[in-house]
>>> print(open('model-v5.txt').read())   # compact mmCIF, C-alpha atoms
# COMPACT_ATOMS: atom_id res chain seq x y z
CA MET L 1 15.58 12.62 -8.57
CA SER L 2 12.73 14.82 -9.77
CA PRO L 3 13.67 18.21 -11.24
CA LEU L 4 11.50 19.90 -8.61
CA VAL L 5 13.67 21.79 -6.14
CA HIS L 6 12.98 21.00 -2.50
CA ARG L 7 14.05 21.37 1.09
CA GLN L 8 13.75 18.89 3.92
CA ARG L 9 13.76 18.58 7.69
CA PRO L 10 14.62 15.02 8.73
CA ALA L 11 13.10 13.34 11.73
CA ASP L 12 15.06 12.80 14.92
CA GLY L 13 15.86 9.12 14.49
CA ARG L 14 13.70 6.75 12.50
CA ALA L 15 10.76 8.58 10.92
CA ASP L 16 7.19 7.58 11.80
CA GLY L 17 5.97 9.03 8.52
CA LEU L 18 6.38 11.57 5.76
CA LEU L 19 4.86 15.07 5.68
CA ILE L 20 5.01 16.85 2.31
CA LEU L 21 4.08 20.54 2.46
CA HIS L 22 3.23 22.41 -0.75
CA HIS L 23 3.60 26.20 -0.74
CA GLY L 24 1.13 28.76 -1.98
CA ARG L 25 1.14 31.05 -5.00
CA GLY L 26 4.19 33.28 -5.32
CA ALA L 27 6.15 31.56 -2.54
CA ASP L 28 8.79 28.83 -2.85
CA GLU L 29 10.21 25.69 -1.27
CA HIS L 30 11.48 27.64 1.75
CA ASP L 31 8.09 29.10 2.69
CA LEU L 32 6.59 26.25 4.72
CA LEU L 33 9.81 24.70 6.01
CA GLY L 34 9.44 26.60 9.29
CA LEU L 35 6.01 25.01 9.72
CA ALA L 36 7.66 21.61 10.10
CA ASP L 37 8.60 22.07 13.76
CA VAL L 38 5.26 23.76 14.47
CA LEU L 39 3.20 20.85 13.16
CA ASP L 40 5.64 18.16 14.28
CA PRO L 41 7.31 19.50 17.46
CA GLU L 42 8.45 16.01 18.44
CA ARG L 43 10.29 15.72 15.11
CA ARG L 44 8.81 12.28 14.44
CA LEU L 45 8.31 12.89 10.75
CA HIS L 46 10.49 13.43 7.70
CA VAL L 47 9.25 16.74 6.26
CA ILE L 48 9.74 17.73 2.61
CA THR L 49 8.85 21.09 1.02
CA PRO L 50 8.97 21.03 -2.81
CA GLY L 51 9.03 24.13 -4.97
CA ALA L 52 6.50 24.59 -7.76
CA PRO L 53 7.77 24.20 -11.34
CA LEU L 54 6.37 27.41 -12.83
CA ILE L 55 8.11 30.80 -12.68
CA ALA L 56 5.81 33.36 -14.26
CA PRO L 57 7.34 36.47 -15.88
CA GLY L 58 6.56 39.54 -13.82
CA SER L 59 5.31 37.51 -10.85
CA PRO L 60 7.35 36.80 -7.73
CA GLY L 61 8.12 33.33 -6.45
CA ARG L 62 6.95 30.02 -7.86
CA HIS L 63 3.52 28.91 -9.07
CA TRP L 64 1.93 25.49 -9.49
CA TYR L 65 -0.34 26.67 -12.32
CA VAL L 66 -1.79 29.73 -14.01
CA VAL L 67 -4.97 31.14 -12.43
CA PRO L 68 -7.60 32.26 -14.94
CA ARG L 69 -10.30 32.12 -12.24
CA VAL L 70 -10.23 31.09 -8.58
CA GLY L 71 -11.28 27.47 -8.24
CA HIS L 72 -10.57 26.70 -11.91
CA PRO L 73 -6.86 26.15 -12.68
CA ASP L 74 -5.55 26.51 -16.22
CA PRO L 75 -5.70 22.92 -17.56
CA GLU L 76 -2.33 22.88 -19.32
CA THR L 77 -0.17 24.24 -16.50
CA PHE L 78 -2.15 22.30 -13.89
CA ALA L 79 -1.60 19.02 -15.79
CA ALA L 80 2.13 19.69 -16.03
CA ALA L 81 2.43 20.44 -12.30
CA TYR L 82 0.25 17.45 -11.41
CA ALA L 83 2.49 15.11 -13.41
CA ALA L 84 5.72 16.59 -12.05
CA LEU L 85 4.49 16.49 -8.46
CA GLY L 86 3.24 12.93 -8.84
CA ARG L 87 6.69 11.86 -10.03
CA PHE L 88 8.27 13.73 -7.14
CA HIS L 89 6.05 11.93 -4.60
CA ASP L 90 6.73 8.55 -6.22
CA GLU L 91 10.48 9.10 -6.10
CA LEU L 92 10.31 10.26 -2.48
CA TRP L 93 8.48 7.10 -1.44
CA GLU L 94 11.07 4.98 -3.19
CA ARG L 95 14.04 6.92 -1.82
CA THR L 96 12.87 7.18 1.79
CA GLY L 97 11.21 3.78 2.08
CA ILE L 98 8.19 5.55 3.62
CA GLY L 99 5.07 4.63 1.67
CA PRO L 100 1.89 6.53 0.79
CA ASP L 101 0.06 4.90 3.71
CA ARG L 102 2.48 6.73 6.07
CA THR L 103 2.30 10.05 4.21
CA VAL L 104 0.33 13.26 4.73
CA LEU L 105 0.11 15.74 1.85
CA GLY L 106 -0.39 19.27 3.10
CA GLY L 107 -0.30 22.80 1.88
CA PHE L 108 -1.55 26.35 1.95
CA SER L 109 -3.72 28.02 -0.70
CA MET L 110 -2.50 26.84 -4.13
CA GLY L 111 -0.45 24.20 -2.29
CA THR L 112 -3.66 22.84 -0.81
CA VAL L 113 -5.09 22.55 -4.31
CA MET L 114 -2.11 20.40 -5.33
CA SER L 115 -2.45 18.32 -2.15
CA TYR L 116 -6.09 17.60 -2.99
CA ALA L 117 -5.17 16.90 -6.62
CA THR L 118 -2.38 14.42 -5.93
CA GLY L 119 -4.05 13.03 -2.81
CA LEU L 120 -7.39 12.32 -4.51
CA GLY L 121 -6.26 11.76 -8.09
CA PRO L 122 -7.83 8.78 -9.87
CA GLU L 123 -4.54 7.04 -10.60
CA ARG L 124 -2.62 8.17 -7.52
CA PRO L 125 -1.85 5.96 -4.49
CA ALA L 126 -3.99 6.48 -1.40
CA VAL L 127 -2.20 8.51 1.26
CA ALA L 128 -2.86 8.57 4.99
CA GLY L 129 -4.08 12.14 5.06
CA ILE L 130 -4.52 15.54 3.44
CA LEU L 131 -3.90 18.73 5.43
CA ALA L 132 -5.86 21.41 3.57
CA LEU L 133 -5.27 25.01 4.67
CA SER L 134 -7.20 27.78 2.88
CA GLY L 135 -7.63 25.99 -0.43
CA PHE L 136 -10.12 24.14 -2.63
CA ILE L 137 -10.72 20.96 -4.58
CA PRO L 138 -9.98 22.07 -8.16
CA THR L 139 -12.42 22.08 -11.02
CA VAL L 140 -10.30 21.52 -14.10
CA ALA L 141 -10.64 19.74 -17.43
CA GLY L 142 -8.93 16.36 -17.45
CA TRP L 143 -8.97 15.79 -13.68
CA ALA L 144 -11.59 14.72 -11.17
CA PRO L 145 -11.28 13.37 -7.62
CA ASP L 146 -11.72 9.64 -7.07
CA THR L 147 -13.18 9.56 -3.57
CA GLU L 148 -13.93 5.85 -3.76
CA ARG L 149 -10.28 4.99 -4.39
CA HIS L 150 -9.22 7.29 -1.54
CA ALA L 151 -12.03 6.51 0.90
CA ALA L 152 -9.60 5.71 3.75
CA THR L 153 -7.71 9.03 3.45
CA ARG L 154 -8.27 11.34 6.42
CA VAL L 155 -8.69 15.07 5.74
CA PHE L 156 -8.13 18.17 7.89
CA ILE L 157 -9.58 21.42 6.52
CA ALA L 158 -9.04 24.89 8.02
CA HIS L 159 -10.29 28.10 6.44
CA GLY L 160 -10.82 31.73 7.40
CA ARG L 161 -14.23 33.34 7.13
CA ARG L 162 -12.59 36.65 6.13
CA ASP L 163 -10.41 35.15 3.39
CA PRO L 164 -10.51 37.64 0.47
CA VAL L 165 -8.49 35.43 -1.90
CA ILE L 166 -10.14 32.01 -1.62
CA GLU L 167 -13.47 32.62 0.06
CA VAL L 168 -14.59 30.33 2.84
CA GLY L 169 -17.28 28.73 0.69
CA PHE L 170 -14.56 26.72 -1.04
CA GLY L 171 -13.55 25.16 2.27
CA ARG L 172 -17.14 24.49 3.24
CA ARG L 173 -17.93 22.85 -0.08
CA ALA L 174 -14.85 20.64 0.16
CA HIS L 175 -15.97 19.59 3.63
CA GLU L 176 -19.49 18.77 2.46
CA ARG L 177 -18.33 16.96 -0.66
CA LEU L 178 -15.76 14.76 1.06
CA THR L 179 -17.98 14.01 4.05
CA ALA L 180 -20.82 13.00 1.72
CA ALA L 181 -18.38 10.64 -0.01
CA GLY L 182 -17.63 8.94 3.30
CA LEU L 183 -14.18 10.34 4.06
CA ASP L 184 -13.13 11.14 7.63
CA VAL L 185 -13.02 14.96 7.59
CA GLU L 186 -12.15 17.34 10.43
CA TYR L 187 -13.23 20.90 9.64
CA HIS L 188 -12.28 24.20 11.29
CA GLU L 189 -13.21 27.83 10.62
CA SER L 190 -12.10 31.08 12.20
CA ASP L 191 -12.35 34.81 11.51
CA ALA L 192 -8.91 34.84 9.87
CA GLY L 193 -8.12 36.08 6.37
CA HIS L 194 -5.94 34.33 3.80
CA GLN L 195 -3.37 32.92 6.20
CA ILE L 196 -2.53 29.95 8.36
CA ASP L 197 -4.39 30.88 11.54
CA PRO L 198 -2.36 30.04 14.68
CA ALA L 199 -5.68 29.18 16.35
CA HIS L 200 -5.96 26.12 14.09
CA VAL L 201 -2.46 24.82 14.81
CA PRO L 202 -3.15 22.81 18.01
CA ALA L 203 -5.96 20.90 16.28
CA ALA L 204 -3.75 20.31 13.23
CA VAL L 205 -0.95 18.99 15.44
CA SER L 206 -3.31 16.57 17.17
CA TRP L 207 -4.82 15.45 13.86
CA LEU L 208 -1.39 14.88 12.33
CA ARG L 209 -0.21 12.92 15.36
CA ALA L 210 -3.29 10.69 15.17
CA THR L 211 -3.07 10.26 11.40
CA LEU L 212 0.60 9.24 11.53
CA ALA L 213 0.63 7.60 14.94
CA PRO L 214 3.85 5.76 15.86
CA GLN L 215 3.95 2.29 14.38
CA THR L 216 3.98 -0.67 16.72
CA PRO L 217 7.14 -2.81 16.78
CA GLY L 218 7.25 -5.39 14.04
CA ARG L 219 5.11 -3.40 11.60
>>> encode(input="model-v5.txt", output="structure tokens")
Amino acid sequence: MSPLVHRQRPADGRADGLLILHHGRGADEHDLLGLADVLDPERRLHVITPGAPLIAPGSPGRHWYVVPRVGHPDPETFAAAYAALGRFHDELWERTGIGPDRTVLGGFSMGTVMSYATGLGPERPAVAGILALSGFIPTVAGWAPDTERHAATRVFIAHGRRDPVIEVGFGRRAHERLTAAGLDVEYHESDAGHQIDPAHVPAAVSWLRATLAPQTPGR
């Protein structure tokens, strides 16, 4: 298996899909595990929460990349995390037998950045959906989204207007950019700060249920 540490919450019975949740800056693989039952109360999905590969001296928790400026990840550490996470996803699909077309990549803050990166990457398989909470599509040397390749991927974006860390303009621009490219995007804003706003949860649950609807017998 991949060297990335991870936690999981299996489905009750046969899984209808795979939900991979990527934590934010300074957290770890435990951080979003509790969100599994919130987003998937019926426990239809196999939920995985990987931990980022970078442990920065003097900084708590794990990091996906170094942050020289919000919106612009450090190219070297971003490329390393992108490659490691891509391998992790590939191995998960092989191990679980649940393919990219039955997978939603989600995350919060820096975890959203990695969900966009691996979910829209030019050489990455197309996934069913991206759940983007308080993040941004990265601008980084050596990577660019391939929206044509991932045109069928559904996207859910939620962002707080009072976010002091990743200002709401990042969420709005992601919405505009992906919608203009023809992707199916559901967008939500609230007066929250840099957090997962409980007000957005019911819509996220409905979106996730529709994106990974139960498969019909024989499929």
>>> residues_near_point(input="model-v5.txt", point="(8.0, 26.8, 8.6)", cutoff="12 Å", atoms="all atoms listed in the file", output="list in words")
Arg7, Gln8, Arg9, Leu21, His22, His23, Asp28, Glu29, His30, Asp31, Leu32, Leu33, Gly34, Leu35, Ala36, Asp37, Val38, Leu39, Asp40, Pro41, Val47, Ile48, Thr49, Gly107, Phe108 and Ile196 of chain L
>>> residues_around(input="model-v5.txt", residues="segment 57-70 of chain L", least_positions_apart="2", cutoff="9 Å", atoms="all atoms listed in the file", output="number ranges by chain")
L: 23-29, 51-55, 72-82, 110-111, 114, 165-166
>>> residues_around(input="model-v5.txt", residues="His194 of chain L", least_positions_apart="2", cutoff="10 Å", atoms="all atoms listed in the file", output="NGL selection string")
:L and (108-109 or 133-135 or 159-168 or 192 or 196-197)
>>> write_last_selection(input="model-v5.txt", atoms="C-alpha atoms", output="CSV table (one decimal), keeping the file's coordinate frame")
chain,number,residue,atom,x,y,z
L,108,PHE,CA,-1.6,26.4,2.0
L,109,SER,CA,-3.7,28.0,-0.7
L,133,LEU,CA,-5.3,25.0,4.7
L,134,SER,CA,-7.2,27.8,2.9
L,135,GLY,CA,-7.6,26.0,-0.4
L,159,HIS,CA,-10.3,28.1,6.4
L,160,GLY,CA,-10.8,31.7,7.4
L,161,ARG,CA,-14.2,33.3,7.1
L,162,ARG,CA,-12.6,36.6,6.1
L,163,ASP,CA,-10.4,35.2,3.4
L,164,PRO,CA,-10.5,37.6,0.5
L,165,VAL,CA,-8.5,35.4,-1.9
L,166,ILE,CA,-10.1,32.0,-1.6
L,167,GLU,CA,-13.5,32.6,0.1
L,168,VAL,CA,-14.6,30.3,2.8
L,192,ALA,CA,-8.9,34.8,9.9
L,196,ILE,CA,-2.5,30.0,8.4
L,197,ASP,CA,-4.4,30.9,11.5
>>> residues_around(input="model-v5.txt", residues="Asp101 of chain L", least_positions_apart="6", cutoff="10 Å", atoms="all atoms listed in the file", output="list in words")
Gly17, Leu18, Pro125, Ala126, Val127, Ala128, Gly129, Ala152, Thr153, Thr211 and Leu212 of chain L
>>> write_last_selection(input="model-v5.txt", atoms="C-alpha atoms", output="CSV table (one decimal), in the coordinates of the input")
chain,number,residue,atom,x,y,z
L,17,GLY,CA,6.0,9.0,8.5
L,18,LEU,CA,6.4,11.6,5.8
L,125,PRO,CA,-1.8,6.0,-4.5
L,126,ALA,CA,-4.0,6.5,-1.4
L,127,VAL,CA,-2.2,8.5,1.3
L,128,ALA,CA,-2.9,8.6,5.0
L,129,GLY,CA,-4.1,12.1,5.1
L,152,ALA,CA,-9.6,5.7,3.8
L,153,THR,CA,-7.7,9.0,3.4
L,211,THR,CA,-3.1,10.3,11.4
L,212,LEU,CA,0.6,9.2,11.5
>>> atom_distance(input="model-v5.txt", atom1="atom CA of Val205 of chain L", atom2="atom CA of Val155 of chain L")
13.0 Å
>>> residues_around(input="model-v5.txt", residues="segment 172-181 of chain L", least_positions_apart="5", cutoff="10 Å", atoms="all atoms listed in the file", output="list in words")
Tyr116, Ala132, Gly135, Phe136, Ile137, Pro138, Pro145, Asp146, Thr147, Glu148, His150, Ala151, Arg154, Val155, Phe156, Ile157, Ala158, His159, Glu167, Glu186, Tyr187, His188 and Glu189 of chain L
>>> closest_residue(input="model-v5.txt", among="L:Arg14, L:His46, L:His200, L:Arg149", to="Gln215 of chain L", atoms="all atoms listed in the file")
L:Arg14
>>> residues_around(input="model-v5.txt", residues="Arg87 of chain L", least_positions_apart="2", cutoff="12 Å", atoms="all atoms listed in the file", output="ChimeraX atom specification")
/L:1-4,50,80-85,89-94,118,124-125
>>> decode(input="model-v5.txt", residues="segment 52-97 of chain L", atoms="N, CA and C atoms", output="short mmCIF file (atom, residue, chain, number, x, y, z; two decimals), in the first residue's frame")
data_model
loop_
_atom_site.label_atom_id
_atom_site.label_comp_id
_atom_site.auth_asym_id
_atom_site.auth_seq_id
_atom_site.Cartn_x
_atom_site.Cartn_y
_atom_site.Cartn_z
N ALA L 52 -1.69 13.78 5.14
CA ALA L 52 -0.73 14.42 4.23
C ALA L 52 0.69 13.95 4.52
N PRO L 53 1.57 13.99 3.51
CA PRO L 53 2.92 13.45 3.69
C PRO L 53 3.92 14.36 4.39
N LEU L 54 3.60 15.65 4.49
CA LEU L 54 4.59 16.62 4.96
C LEU L 54 4.37 16.96 6.43
N ILE L 55 5.44 16.84 7.23
CA ILE L 55 5.42 17.31 8.61
C ILE L 55 6.46 18.42 8.71
N ALA L 56 5.98 19.63 8.87
CA ALA L 56 6.86 20.80 8.84
C ALA L 56 7.41 21.10 10.23
N PRO L 57 8.72 21.28 10.38
CA PRO L 57 9.30 21.62 11.68
C PRO L 57 8.67 22.89 12.25
N GLY L 58 8.25 22.80 13.50
CA GLY L 58 7.68 23.96 14.16
C GLY L 58 6.21 24.19 13.86
N SER L 59 5.62 23.35 13.02
CA SER L 59 4.20 23.49 12.68
C SER L 59 3.45 22.25 13.12
N PRO L 60 2.27 22.40 13.69
CA PRO L 60 1.53 21.23 14.15
C PRO L 60 0.90 20.46 12.98
N GLY L 61 0.62 19.20 13.23
CA GLY L 61 -0.12 18.41 12.25
C GLY L 61 0.63 18.14 10.97
N ARG L 62 -0.14 17.76 9.95
CA ARG L 62 0.40 17.40 8.64
C ARG L 62 0.01 18.45 7.60
N HIS L 63 0.82 18.52 6.55
CA HIS L 63 0.61 19.51 5.49
C HIS L 63 0.75 18.81 4.14
N TRP L 64 -0.03 19.25 3.18
CA TRP L 64 0.08 18.70 1.82
C TRP L 64 1.21 19.39 1.06
N TYR L 65 1.45 20.66 1.35
CA TYR L 65 2.50 21.41 0.66
C TYR L 65 2.83 22.65 1.47
N VAL L 66 3.92 23.28 1.11
CA VAL L 66 4.32 24.55 1.73
C VAL L 66 3.53 25.68 1.09
N VAL L 67 3.19 26.69 1.88
CA VAL L 67 2.35 27.80 1.41
C VAL L 67 3.15 29.10 1.36
N PRO L 68 3.72 29.44 0.20
CA PRO L 68 4.37 30.74 0.09
C PRO L 68 3.36 31.88 -0.04
N ARG L 69 2.21 31.57 -0.66
CA ARG L 69 1.16 32.58 -0.84
C ARG L 69 -0.15 31.84 -1.09
N VAL L 70 -1.22 32.30 -0.46
CA VAL L 70 -2.51 31.63 -0.61
C VAL L 70 -2.92 31.59 -2.07
N GLY L 71 -3.29 30.41 -2.52
CA GLY L 71 -3.69 30.22 -3.91
C GLY L 71 -2.57 29.72 -4.80
N HIS L 72 -1.31 29.80 -4.29
CA HIS L 72 -0.15 29.46 -5.09
C HIS L 72 0.77 28.51 -4.31
N PRO L 73 0.48 27.20 -4.33
CA PRO L 73 1.32 26.25 -3.59
C PRO L 73 2.76 26.26 -4.08
N ASP L 74 3.66 25.91 -3.15
CA ASP L 74 5.06 25.69 -3.51
C ASP L 74 5.13 24.54 -4.52
N PRO L 75 5.73 24.74 -5.69
CA PRO L 75 5.70 23.71 -6.74
C PRO L 75 6.32 22.37 -6.33
N GLU L 76 7.43 22.41 -5.62
CA GLU L 76 8.13 21.15 -5.30
C GLU L 76 7.34 20.29 -4.32
N THR L 77 6.87 20.88 -3.23
CA THR L 77 6.13 20.09 -2.25
C THR L 77 4.74 19.72 -2.77
N PHE L 78 4.14 20.60 -3.57
CA PHE L 78 2.86 20.27 -4.18
C PHE L 78 3.00 19.07 -5.11
N ALA L 79 4.03 19.07 -5.96
CA ALA L 79 4.23 17.97 -6.91
C ALA L 79 4.44 16.65 -6.18
N ALA L 80 5.18 16.69 -5.07
CA ALA L 80 5.41 15.46 -4.31
C ALA L 80 4.11 14.93 -3.70
N ALA L 81 3.30 15.83 -3.14
CA ALA L 81 2.02 15.42 -2.54
C ALA L 81 1.05 14.93 -3.61
N TYR L 82 1.04 15.61 -4.75
CA TYR L 82 0.17 15.23 -5.87
C TYR L 82 0.49 13.81 -6.34
N ALA L 83 1.77 13.51 -6.48
CA ALA L 83 2.18 12.18 -6.92
C ALA L 83 1.84 11.12 -5.88
N ALA L 84 2.12 11.41 -4.62
CA ALA L 84 1.84 10.45 -3.55
C ALA L 84 0.35 10.19 -3.41
N LEU L 85 -0.45 11.25 -3.51
CA LEU L 85 -1.90 11.09 -3.37
C LEU L 85 -2.49 10.38 -4.57
N GLY L 86 -1.96 10.65 -5.75
CA GLY L 86 -2.41 9.93 -6.93
C GLY L 86 -2.16 8.43 -6.81
N ARG L 87 -0.99 8.07 -6.32
CA ARG L 87 -0.69 6.65 -6.10
C ARG L 87 -1.63 6.05 -5.07
N PHE L 88 -1.89 6.80 -4.02
CA PHE L 88 -2.80 6.33 -2.97
C PHE L 88 -4.19 6.06 -3.53
N HIS L 89 -4.72 7.00 -4.32
CA HIS L 89 -6.03 6.80 -4.95
C HIS L 89 -6.03 5.57 -5.86
N ASP L 90 -5.00 5.45 -6.68
CA ASP L 90 -4.92 4.31 -7.60
C ASP L 90 -4.93 2.98 -6.85
N GLU L 91 -4.18 2.91 -5.76
CA GLU L 91 -4.10 1.69 -4.98
C GLU L 91 -5.43 1.39 -4.28
N LEU L 92 -6.11 2.45 -3.83
CA LEU L 92 -7.42 2.27 -3.21
C LEU L 92 -8.41 1.68 -4.20
N TRP L 93 -8.44 2.21 -5.41
CA TRP L 93 -9.37 1.70 -6.42
C TRP L 93 -9.10 0.23 -6.72
N GLU L 94 -7.83 -0.11 -6.78
CA GLU L 94 -7.48 -1.51 -7.04
C GLU L 94 -7.84 -2.40 -5.85
N ARG L 95 -7.57 -1.94 -4.65
CA ARG L 95 -7.80 -2.76 -3.46
C ARG L 95 -9.28 -2.94 -3.17
N THR L 96 -10.07 -1.87 -3.31
CA THR L 96 -11.48 -1.94 -2.96
C THR L 96 -12.36 -2.46 -4.08
N GLY L 97 -11.87 -2.37 -5.32
CA GLY L 97 -12.71 -2.73 -6.46
C GLY L 97 -13.73 -1.67 -6.79
#
